[in-house]
$ cat my_file27.txt   # compact mmCIF, C-alpha atoms
# COMPACT_ATOMS: atom_id res chain seq x y z
CA MET A 1 -5.22 -19.96 -7.02
CA ILE A 2 -2.47 -22.43 -6.24
CA TYR A 3 -4.33 -24.09 -3.37
CA SER A 4 -7.14 -25.21 -5.70
CA VAL A 5 -4.75 -27.02 -8.06
CA ASN A 6 -4.60 -30.82 -8.05
CA PHE A 7 -0.88 -31.44 -7.58
CA MET A 8 -1.14 -35.09 -8.53
CA ASP A 9 -2.61 -34.18 -11.92
CA LEU A 10 0.21 -31.68 -12.45
CA THR A 11 2.85 -34.40 -12.04
CA GLU A 12 1.72 -35.85 -15.38
CA LYS A 13 3.21 -32.77 -17.06
CA ILE A 14 6.66 -33.31 -15.49
CA ASN A 15 9.31 -34.57 -17.90
CA PRO A 16 10.69 -37.73 -16.21
CA LEU A 17 14.08 -37.30 -17.92
CA ALA A 18 14.34 -33.76 -16.58
CA PHE A 19 13.29 -35.03 -13.13
CA ALA A 20 16.04 -37.67 -13.26
CA LYS A 21 18.63 -35.07 -14.29
CA TYR A 22 17.49 -32.82 -11.44
CA LEU A 23 17.98 -35.64 -8.92
CA LYS A 24 21.43 -36.48 -10.26
CA ASP A 25 22.51 -32.83 -10.15
CA THR A 26 21.28 -32.40 -6.57
CA GLY A 27 23.19 -35.35 -5.12
CA TRP A 28 20.93 -38.36 -5.60
CA GLU A 29 22.58 -41.58 -6.77
CA LEU A 30 21.11 -43.75 -9.51
CA PHE A 31 20.60 -47.34 -8.31
CA PRO A 32 21.05 -50.00 -11.02
CA SER A 33 17.83 -51.74 -12.08
CA LYS A 34 16.93 -54.24 -14.81
CA ARG A 35 13.52 -52.64 -15.22
CA THR A 36 13.87 -50.13 -18.06
CA TYR A 37 10.56 -48.37 -17.39
CA ILE A 38 11.69 -46.94 -14.03
CA LYS A 39 14.72 -45.18 -12.53
CA ILE A 40 15.59 -45.69 -8.86
CA PHE A 41 17.46 -42.99 -6.96
CA GLN A 42 18.80 -43.08 -3.42
CA TYR A 43 19.94 -40.35 -1.05
CA GLU A 44 21.48 -40.32 2.41
CA LYS A 45 21.12 -37.31 4.69
CA ASN A 46 22.68 -37.57 8.13
CA ASP A 47 21.31 -40.88 9.43
CA ASP A 48 18.26 -40.88 7.14
CA PHE A 49 17.95 -42.89 3.93
CA PHE A 50 15.59 -41.95 1.09
CA GLN A 51 14.63 -43.77 -2.09
CA ILE A 52 12.68 -42.54 -5.11
CA ILE A 53 11.24 -44.42 -8.05
CA ILE A 54 10.76 -42.37 -11.22
CA PRO A 55 8.51 -43.98 -13.84
CA THR A 56 9.76 -43.17 -17.34
CA GLU A 57 6.67 -44.29 -19.28
CA LYS A 58 3.45 -42.33 -18.88
CA ARG A 59 1.34 -45.30 -19.98
CA LEU A 60 1.93 -46.97 -16.59
CA GLY A 61 -1.28 -47.15 -14.57
CA ASP A 62 0.20 -45.63 -11.40
CA TYR A 63 2.36 -43.04 -13.18
CA LYS A 64 0.86 -39.97 -11.47
CA GLU A 65 0.82 -41.58 -8.04
CA ALA A 66 4.47 -42.64 -8.32
CA MET A 67 5.57 -39.21 -9.55
CA TYR A 68 3.66 -37.43 -6.79
CA LYS A 69 5.20 -39.70 -4.15
CA ALA A 70 8.65 -38.92 -5.60
CA VAL A 71 7.93 -35.18 -5.43
CA GLN A 72 6.83 -35.50 -1.79
CA THR A 73 10.09 -37.26 -0.93
CA VAL A 74 12.21 -34.58 -2.63
CA ALA A 75 10.24 -31.87 -0.81
CA LYS A 76 10.98 -33.60 2.51
CA VAL A 77 14.70 -33.93 1.77
CA GLU A 78 15.03 -30.29 0.64
CA ASN A 79 12.72 -28.96 3.37
CA LYS A 80 10.52 -27.29 0.76
CA SER A 81 6.83 -27.44 -0.06
CA VAL A 82 5.44 -29.78 -2.70
CA GLN A 83 4.32 -26.64 -4.54
CA GLN A 84 7.90 -25.30 -4.78
CA ILE A 85 9.28 -28.58 -6.10
CA ILE A 86 6.51 -28.96 -8.69
CA LEU A 87 6.95 -25.33 -9.83
CA TYR A 88 10.59 -25.99 -10.58
CA LEU A 89 10.06 -29.43 -12.17
CA LEU A 90 7.40 -27.99 -14.47
CA ASN A 91 9.89 -25.25 -15.40
CA PRO A 92 13.29 -26.99 -15.35
CA ASN A 93 16.46 -25.03 -15.97
CA THR A 94 15.07 -21.74 -14.71
CA ASP A 95 15.70 -19.09 -12.10
CA ILE A 96 12.53 -18.00 -10.34
CA LEU A 97 12.11 -14.48 -8.96
CA LYS A 98 9.28 -14.03 -6.50
CA ILE A 99 7.73 -10.68 -5.62
CA ARG A 100 5.72 -10.71 -2.40
CA LEU A 101 3.32 -7.81 -1.83
CA GLU A 102 2.16 -6.96 1.69
CA LYS A 103 -0.70 -4.51 1.81
CA LYS A 104 -3.64 -4.01 4.15
CA GLU A 105 -6.19 -4.52 1.34
CA ILE A 106 -4.77 -7.98 0.56
CA GLU A 107 -6.52 -11.01 1.99
CA ALA A 108 -5.40 -14.62 1.69
CA GLY A 109 -4.98 -15.40 -1.98
CA ASN A 110 -6.57 -12.31 -3.56
CA ILE A 111 -5.64 -8.77 -4.49
CA LEU A 112 -7.31 -5.60 -5.78
CA PHE A 113 -7.55 -5.55 -9.57
CA ASP A 114 -5.48 -2.36 -10.04
CA ASP A 115 -2.78 -3.60 -7.67
CA ALA A 116 -2.52 -6.85 -9.62
CA ILE A 117 -2.14 -5.00 -12.94
CA GLN A 118 0.61 -2.84 -11.44
CA ILE A 119 2.62 -5.71 -10.02
CA TYR A 120 2.46 -7.85 -13.18
CA GLU A 121 3.24 -4.98 -15.57
CA ASN A 122 6.13 -3.67 -13.49
CA ALA A 123 7.59 -7.11 -12.87
CA LYS A 124 7.94 -7.39 -16.65
CA LYS A 125 9.39 -3.87 -16.86
CA LEU A 126 11.91 -4.73 -14.15
CA LEU A 127 13.27 -7.63 -16.22
CA ALA A 128 13.24 -5.57 -19.42
CA ALA A 129 15.15 -2.70 -17.82
CA THR A 130 17.71 -5.09 -16.35
CA ALA A 131 18.31 -6.83 -19.70
CA LEU A 132 18.70 -3.46 -21.42
CA ASP A 133 21.13 -2.25 -18.74
CA ILE A 134 23.28 -5.34 -19.35
CA LEU A 135 23.20 -5.25 -23.15
CA HIS A 136 23.00 -1.49 -23.76
CA PRO A 137 23.94 0.49 -20.61
CA ARG A 138 22.23 3.91 -20.55
CA LYS A 139 20.76 6.26 -17.95
CA TYR A 140 17.34 6.02 -19.57
CA HIS A 141 16.08 3.66 -22.28
CA GLN A 142 13.62 5.04 -24.81
CA GLY A 143 11.99 3.55 -27.84
CA ARG A 144 11.47 -0.06 -28.80
CA PRO A 145 13.71 -2.67 -27.08
CA ASP A 146 15.80 -4.72 -29.49
CA ASP A 147 14.80 -8.22 -30.56
CA SER A 148 17.12 -10.01 -28.12
CA VAL A 149 15.40 -8.34 -25.15
CA LEU A 150 11.93 -8.94 -26.56
CA ASN A 151 12.76 -12.61 -27.16
CA PHE A 152 14.04 -12.95 -23.60
CA LEU A 153 10.85 -11.42 -22.17
CA SER A 154 8.58 -13.50 -24.41
CA ASN A 155 10.02 -16.71 -22.94
CA CYS A 156 9.62 -15.65 -19.30
CA ARG A 157 6.38 -16.67 -17.61
CA PHE A 158 4.33 -15.96 -14.51
CA GLY A 159 3.93 -19.02 -12.30
CA GLN A 160 1.11 -19.78 -9.88
CA THR A 161 0.51 -17.29 -7.08
CA GLU A 162 0.80 -18.43 -3.46
CA ILE A 163 -1.39 -18.26 -0.37
CA GLY A 164 -1.06 -15.37 2.09
CA SER A 165 0.52 -12.06 1.14
CA TYR A 166 0.21 -11.93 -2.64
CA ILE A 167 3.23 -13.63 -4.24
CA VAL A 168 3.96 -13.50 -7.95
CA SER A 169 6.45 -16.02 -9.32
CA VAL A 170 8.38 -14.91 -12.41
CA VAL A 171 9.83 -17.97 -14.17
CA CYS A 172 12.95 -17.13 -16.20
CA PRO A 173 14.16 -19.97 -18.49
CA PHE A 174 17.88 -20.03 -19.20
CA ALA A 175 18.84 -18.49 -22.54
CA GLU A 176 21.90 -16.87 -24.07
CA LEU A 177 22.88 -14.67 -27.00
CA ASP A 178 25.25 -16.06 -29.61
CA GLU A 179 28.03 -14.09 -31.33
CA ASN A 180 25.47 -12.38 -33.57
CA GLU A 181 23.29 -11.55 -30.53
CA ASP A 182 20.65 -14.01 -31.70
CA TYR A 183 18.54 -15.50 -28.91
CA LYS A 184 19.17 -19.15 -28.03
CA GLN A 185 17.08 -21.14 -25.55
CA LEU A 186 19.00 -23.50 -23.24
CA SER A 187 17.66 -26.67 -21.62
CA ILE A 188 18.24 -28.65 -18.46
CA PHE A 189 20.61 -30.79 -20.51
CA SER A 190 22.80 -27.79 -21.44
CA ASP A 191 26.21 -27.37 -19.82
CA GLU A 192 26.01 -25.94 -16.29
CA GLU A 193 28.68 -23.30 -16.89
CA GLN A 194 26.87 -22.21 -20.03
CA CYS A 195 23.71 -21.64 -17.98
CA ALA A 196 25.63 -19.98 -15.13
CA HIS A 197 26.92 -17.28 -17.51
CA SER A 198 23.79 -17.03 -19.66
CA LEU A 199 21.80 -13.86 -20.23
CA THR A 200 19.12 -15.20 -17.88
CA ARG A 201 21.47 -15.64 -14.92
CA GLN A 202 22.98 -12.23 -15.65
CA VAL A 203 19.49 -10.68 -15.52
CA THR A 204 18.27 -12.48 -12.38
CA ASN A 205 21.58 -11.74 -10.64
CA ARG A 206 21.45 -8.08 -11.62
CA VAL A 207 17.87 -7.66 -10.40
CA MET A 208 18.83 -8.80 -6.90
CA GLU A 209 22.18 -6.94 -6.93
CA ASN A 210 20.47 -3.70 -8.02
CA ILE A 211 17.77 -3.85 -5.36
CA SER A 212 20.34 -4.68 -2.67
CA TYR A 213 22.55 -1.78 -3.80
CA ILE A 214 19.62 0.66 -3.86
CA LYS A 215 18.45 -0.39 -0.40
CA ASN A 216 21.96 -0.15 1.10
CA GLN A 217 22.66 3.31 -0.34
CA ILE A 218 19.34 4.65 0.97
CA ASP A 219 19.91 3.02 4.37
CA ASN A 220 23.37 4.65 4.54
CA GLY A 221 22.07 8.04 3.43
CA ASP A 222 24.23 8.01 0.27
CA LEU A 223 21.45 9.05 -2.11
CA ASP A 224 23.79 10.88 -4.47
CA LYS A 225 25.45 7.56 -5.37
CA LEU A 226 22.17 6.28 -6.84
CA ALA A 227 22.30 8.80 -9.70
CA LEU A 228 26.03 8.29 -10.38
CA GLN A 229 26.17 5.88 -13.29
CA ASN A 230 28.91 4.05 -15.15
CA GLU A 231 28.86 1.07 -17.48
CA LYS A 232 30.07 -1.31 -14.75
CA LYS A 233 27.26 -0.26 -12.41
CA MET A 234 24.45 0.98 -14.63
CA ILE A 235 20.97 1.15 -13.12
CA SER A 236 18.70 2.98 -15.53
CA ALA A 237 15.78 5.21 -14.67
CA ASN A 238 13.58 2.48 -16.19
CA PHE A 239 14.63 0.05 -13.45
CA TYR A 240 13.88 2.59 -10.72
CA GLU A 241 10.49 3.34 -12.31
CA ALA A 242 9.58 -0.35 -12.43
CA LEU A 243 10.66 -0.78 -8.80
CA ASN A 244 8.48 2.07 -7.60
CA GLY A 245 5.67 0.81 -9.83
CA LEU A 246 5.38 -2.36 -7.72
CA ASN A 247 2.94 -0.56 -5.42
CA LEU A 248 5.67 1.14 -3.36
CA ASP A 249 3.83 4.43 -3.83
CA SER A 250 1.02 3.23 -1.51
CA ASP A 251 1.14 3.76 2.24
CA GLU A 252 1.62 0.71 4.48
CA THR A 253 3.01 -1.31 1.57
CA ASN A 254 5.93 -3.74 1.79
CA ILE A 255 7.59 -5.62 -1.06
CA GLU A 256 9.87 -8.62 -0.65
CA PHE A 257 12.02 -9.94 -3.49
CA ILE A 258 12.94 -13.63 -3.29
CA ALA A 259 15.33 -15.36 -5.68
CA GLU A 260 15.09 -19.12 -6.08
CA TRP A 261 18.20 -20.00 -8.05
CA SER A 262 18.11 -23.09 -10.22
CA PRO A 263 19.34 -25.96 -7.99
CA THR A 264 21.16 -27.48 -10.97
CA VAL A 265 23.11 -24.27 -11.75
CA LYS A 266 25.06 -23.59 -8.59
CA ASN A 267 27.70 -21.14 -9.83
CA ASN A 268 27.60 -17.40 -10.37
CA ASN A 269 24.51 -16.53 -8.35
CA CYS A 270 24.01 -13.45 -6.19
CA PRO A 271 24.52 -14.09 -2.45
CA GLU A 272 21.41 -12.00 -1.74
CA ASN A 273 18.24 -14.05 -2.18
CA ARG A 274 15.76 -12.13 0.03
CA ILE A 275 15.42 -8.33 0.06
CA PHE A 276 12.68 -6.36 1.82
CA LEU A 277 11.55 -2.85 0.85
CA THR A 278 8.91 -0.67 2.49
CA HIS A 279 6.96 2.39 1.36
CA ASP A 280 9.67 4.53 3.01
CA TYR A 281 11.97 3.83 0.05
CA TYR A 282 9.53 5.29 -2.46
CA GLN A 283 10.52 8.98 -2.23
CA PRO A 284 14.32 8.49 -2.42
CA ILE A 285 13.82 6.28 -5.49
CA GLU A 286 11.46 8.84 -7.05
CA THR A 287 14.07 11.58 -6.51
CA THR A 288 16.70 9.44 -8.25
CA ILE A 289 14.40 8.93 -11.25
CA GLY A 290 14.10 12.70 -11.63
CA LYS A 291 17.89 13.16 -11.57
CA LEU A 292 18.47 10.44 -14.16
CA LYS A 293 15.85 11.89 -16.51
CA GLU A 294 16.93 15.53 -16.26
CA ASN A 295 18.21 15.62 -19.84
CA VAL A 296 15.52 13.44 -21.41
CA ASN A 297 13.55 16.40 -22.78
CA LYS A 298 16.51 17.25 -25.00
CA SER A 299 16.12 13.97 -26.86
CA THR A 300 14.58 13.68 -30.34
CA LYS A 301 13.26 10.58 -32.06
CA ILE A 302 13.73 10.13 -35.79
CA ILE A 303 12.58 7.30 -38.05
CA GLY A 304 14.13 6.88 -41.47
CA ARG A 305 16.16 4.70 -43.84
CA ILE A 306 19.92 4.31 -44.00
CA LYS A 307 21.55 6.01 -46.99
CA LYS A 308 25.22 5.30 -46.21
CA LEU A 309 27.38 3.04 -44.02
CA GLU A 310 30.94 3.92 -42.96
CA SER A 311 33.31 1.79 -40.88
CA SER A 312 36.61 -0.06 -40.95
CA PRO A 313 36.81 -2.45 -43.93
CA ASP A 314 38.50 -4.99 -41.65
CA VAL A 315 35.63 -6.71 -39.81
CA GLN A 316 38.01 -7.96 -37.09
CA LYS A 317 39.07 -4.39 -36.25
CA ARG A 318 35.59 -2.91 -36.52
CA LYS A 319 34.52 -1.51 -33.13
CA LYS A 320 32.11 1.20 -34.25
CA GLY A 321 30.49 2.66 -37.35
CA LYS A 322 28.85 5.74 -38.79
CA ILE A 323 25.55 5.83 -40.64
CA THR A 324 23.78 8.45 -42.70
CA VAL A 325 19.99 8.43 -42.38
CA VAL A 326 17.29 10.09 -44.48
CA TYR A 327 14.12 10.95 -42.53
CA LEU A 328 11.11 13.29 -42.68
CA ASP A 329 10.91 16.20 -40.20
CA GLU A 330 7.73 17.50 -38.57
CA HIS A 331 6.86 19.33 -41.82
CA ASP A 332 7.33 16.15 -43.90
CA LYS A 333 10.48 17.54 -45.47
CA PRO A 334 13.37 15.12 -46.12
CA LYS A 335 16.36 15.63 -43.85
CA ILE A 336 19.76 13.97 -43.64
CA VAL A 337 21.51 13.19 -40.35
CA THR A 338 24.52 11.13 -39.30
CA ALA A 339 24.93 8.98 -36.20
CA ASN A 340 27.86 7.14 -34.65
CA LEU A 341 27.00 3.62 -33.48
CA ASN A 342 28.72 1.00 -31.37
CA LYS A 343 29.59 -2.31 -33.04
CA SER A 344 26.42 -4.07 -31.92
CA ASP A 345 24.13 -1.35 -33.29
CA TYR A 346 26.24 -0.96 -36.43
CA ASP A 347 25.80 -4.67 -37.20
CA LYS A 348 22.04 -4.15 -36.94
CA ALA A 349 22.32 -1.12 -39.22
CA ILE A 350 24.04 -3.25 -41.89
CA ARG A 351 21.12 -5.70 -41.81
CA ALA A 352 18.58 -2.85 -41.93
CA HIS A 353 20.32 -1.28 -44.93
CA GLU A 354 20.52 -4.60 -46.75
CA ASN A 355 16.80 -5.27 -46.30
CA GLY A 356 15.55 -1.70 -46.68
CA TYR A 357 14.15 -1.57 -43.14
CA HIS A 358 13.42 1.65 -41.29
CA VAL A 359 15.52 2.49 -38.24
CA GLU A 360 14.58 4.43 -35.13
CA ILE A 361 17.16 6.62 -33.37
CA ILE A 362 16.61 8.56 -30.14
CA GLY A 363 19.18 11.14 -29.06
CA GLU A 364 20.12 14.80 -29.01
CA LEU A 365 19.80 16.28 -32.51
CA SER A 366 22.16 18.99 -33.74
CA CYS A 367 20.97 21.16 -36.63
CA GLY A 368 22.84 22.63 -39.58
CA ARG A 369 24.38 21.46 -42.83
CA ARG A 370 26.16 18.59 -41.06
CA ALA A 371 23.38 17.57 -38.72
CA SER A 372 24.07 14.65 -36.38
CA ILE A 373 22.24 12.83 -33.62
CA SER A 374 23.75 11.25 -30.53
CA CYS A 375 22.57 7.67 -30.29
CA GLU A 376 20.89 6.97 -26.96
CA THR A 377 18.71 4.26 -28.48
CA PHE A 378 18.93 2.49 -31.85
CA ALA A 379 16.35 0.04 -33.16
CA VAL A 380 15.46 -1.62 -36.46
CA ILE A 381 11.81 -1.52 -37.53
CA GLU A 382 10.97 -4.54 -39.66
$ encode --input "my_file27.txt" --output "structure tokens"
Amino acid sequence: MIYSVNFMDLTEKINPLAFAKYLKDTGWELFPSKRTYIKIFQYEKNDDFFQIIIPTEKRLGDYKEAMYKAVQTVAKVENKSVQQIILYLLNPNTDILKIRLEKKEIEAGNILFDDAIQIYENAKKLLAATALDILHPRKYHQGRPDDSVLNFLSNCRFGQTEIGSYIVSVVCPFAELDENEDYKQLSIFSDEEQCAHSLTRQVTNRVMENISYIKNQIDNGDLDKLALQNEKKMISANFYEALNGLNLDSDETNIEFIAEWSPTVKNNNCPENRIFLTHDYYQPIETTIGKLKENVNKSTKIIGRIKKLESSPDVQKRKKGKITVVYLDEHDKPKIVTANLNKSDYDKAIRAHENGYHVEIIGELSCGRRASISCETFAVIE
């Protein structure tokens, strides 16, 4: 648990250059010094004056002591705990989402095994659903998430838990997708605006915006609005399922969501940073899940190889595409089906066809000589 960790030992893992950048971005001023192995920062707050010395060489004998003292000073200035400052400095250039579980079975610093599994699994599902809603808006996501979502999730981490009601910290490093939707990790030295509009900030923003929206609609009695979806405000059934999966199904359970936005990325963050849900929200959310999944049973999953690609020959004008897929039905007989794809999925289909990869399509299948399948989910199987 966090209270058994030696904070001074942890300071040795802090990147001093990242620490210096953090101080500069949060208003500290660098004081000139002839000594190249340290950086001196100063800060004035009201009538108080603070000074920090950051050692830049870990071979110095008092490196850990000096770094720990610097962390303590920053914690005092920002009115935060040493633990909070260290968590961020060990994970620079991140947004941190905290999920606090209140439940009668929870004692200080521990939790029932099954409850812990639920909260960790569904915290991951919450991020996955949000990323999918941003990149591929749908009422319900089925099948394997695409590589960009999997890469995003693989770089997120769980931080140390905290004392009291069980708190899980989900550390989300800043990352973006390039023009080809390839995943690109950003660093604390990346441009602030780039981080502010990154996939990570979009996801952390959307998590808090979604939960706030859901809570407000339930509070106002406008439950029908929760199942009304459009691409500008898409909250999938997957998100609702993950939300309820965070132990909201248990009596006398409360969940608080806390967003700690990166202090060095000040733009484009959700104004809501603390949202509280109780067990009373479970049933309205469960009802919404049922409405969103009403047509799911009509969906069919096929796995096959692409036989033909059809789209505009002008790449600049290409906004969609059509593919012909050969697959085996339940009797192992070869079948041919067509599917219309958006540009993003069509680009993936080109790569799959070039490399001979299988593709997975989930949607409503029409039978007959010109069979087609609506594309709810498209994935490449490598």
$ atom_distance --input "my_file27.txt" --atom1 "atom CA of A:Asp219" --atom2 "atom CA of A:Asn268"
26.3 Å
$ axis_aligned_box --input "my_file27.txt" --around "stretch 366-373 of chain A" --padding-each-side "6 Å" --output "lines of an AutoDock Vina configuration file"
center_x = 23.6
center_y = 17.7
center_z = -38.2
size_x = 17.2
size_y = 21.8
size_z = 21.2
$ closest_residue --input "my_file27.txt" --among "A:Gln185, A:Thr377, A:Ser236, A:Ser312" --to "A:Thr200" --atoms "all atoms listed in the file"
A:Gln185
$ residues_around --input "my_file27.txt" --residues "A:Val82" --least-positions-apart "3" --cutoff "12 Å" --atoms "all atoms listed in the file" --output "list in words"
Ile2, Tyr3, Val5, Asn6, Phe7, Met8, Leu10, Thr11, Met67, Tyr68, Lys69, Ala70, Val71, Gln72, Thr73, Val74, Ala75, Lys76, Val77, Glu78, Asn79, Ile85, Ile86, Leu87, Tyr88 and Leu89 of chain A
$ closest_residue --input "my_file27.txt" --among "A:Lys45, A:Lys348, A:Arg206, A:Lys125" --to "A:Cys270" --atoms "only C-alpha atoms"
A:Arg206
$ residues_near_point --input "my_file27.txt" --point "(12.8, -3.6, 1.3)" --cutoff "7 Å" --atoms "all atoms listed in the file" --output "ChimeraX atom specification"
/A:215,254-256,275-278
$ write_last_selection --input "my_file27.txt" --atoms "C-alpha atoms" --output "mmCIF file, in the frame of the given file"
data_model
loop_
_atom_site.group_PDB
_atom_site.id
_atom_site.type_symbol
_atom_site.label_atom_id
_atom_site.label_comp_id
_atom_site.auth_asym_id
_atom_site.auth_seq_id
_atom_site.Cartn_x
_atom_site.Cartn_y
_atom_site.Cartn_z
ATOM 1 C CA LYS A 215 18.450 -0.390 -0.400
ATOM 2 C CA ASN A 254 5.930 -3.740 1.790
ATOM 3 C CA ILE A 255 7.590 -5.620 -1.060
ATOM 4 C CA GLU A 256 9.870 -8.620 -0.650
ATOM 5 C CA ILE A 275 15.420 -8.330 0.060
ATOM 6 C CA PHE A 276 12.680 -6.360 1.820
ATOM 7 C CA LEU A 277 11.550 -2.850 0.850
ATOM 8 C CA THR A 278 8.910 -0.670 2.490
#
$ residues_around --input "my_file27.txt" --residues "A:Glu44" --least-positions-apart "6" --cutoff "10 Å" --atoms "only C-alpha atoms" --output "ChimeraX atom specification"
/A:27-29,50-51,77
$ closest_residue --input "my_file27.txt" --among "A:Tyr213, A:Phe239, A:Tyr282, A:Phe378" --to "A:Lys301" --atoms "all atoms listed in the file"
A:Phe378
$ closest_residue --input "my_file27.txt" --among "A:Thr56, A:Gln42, A:Gln83, A:Gln316" --to "A:Pro16" --atoms "all atoms listed in the file"
A:Thr56
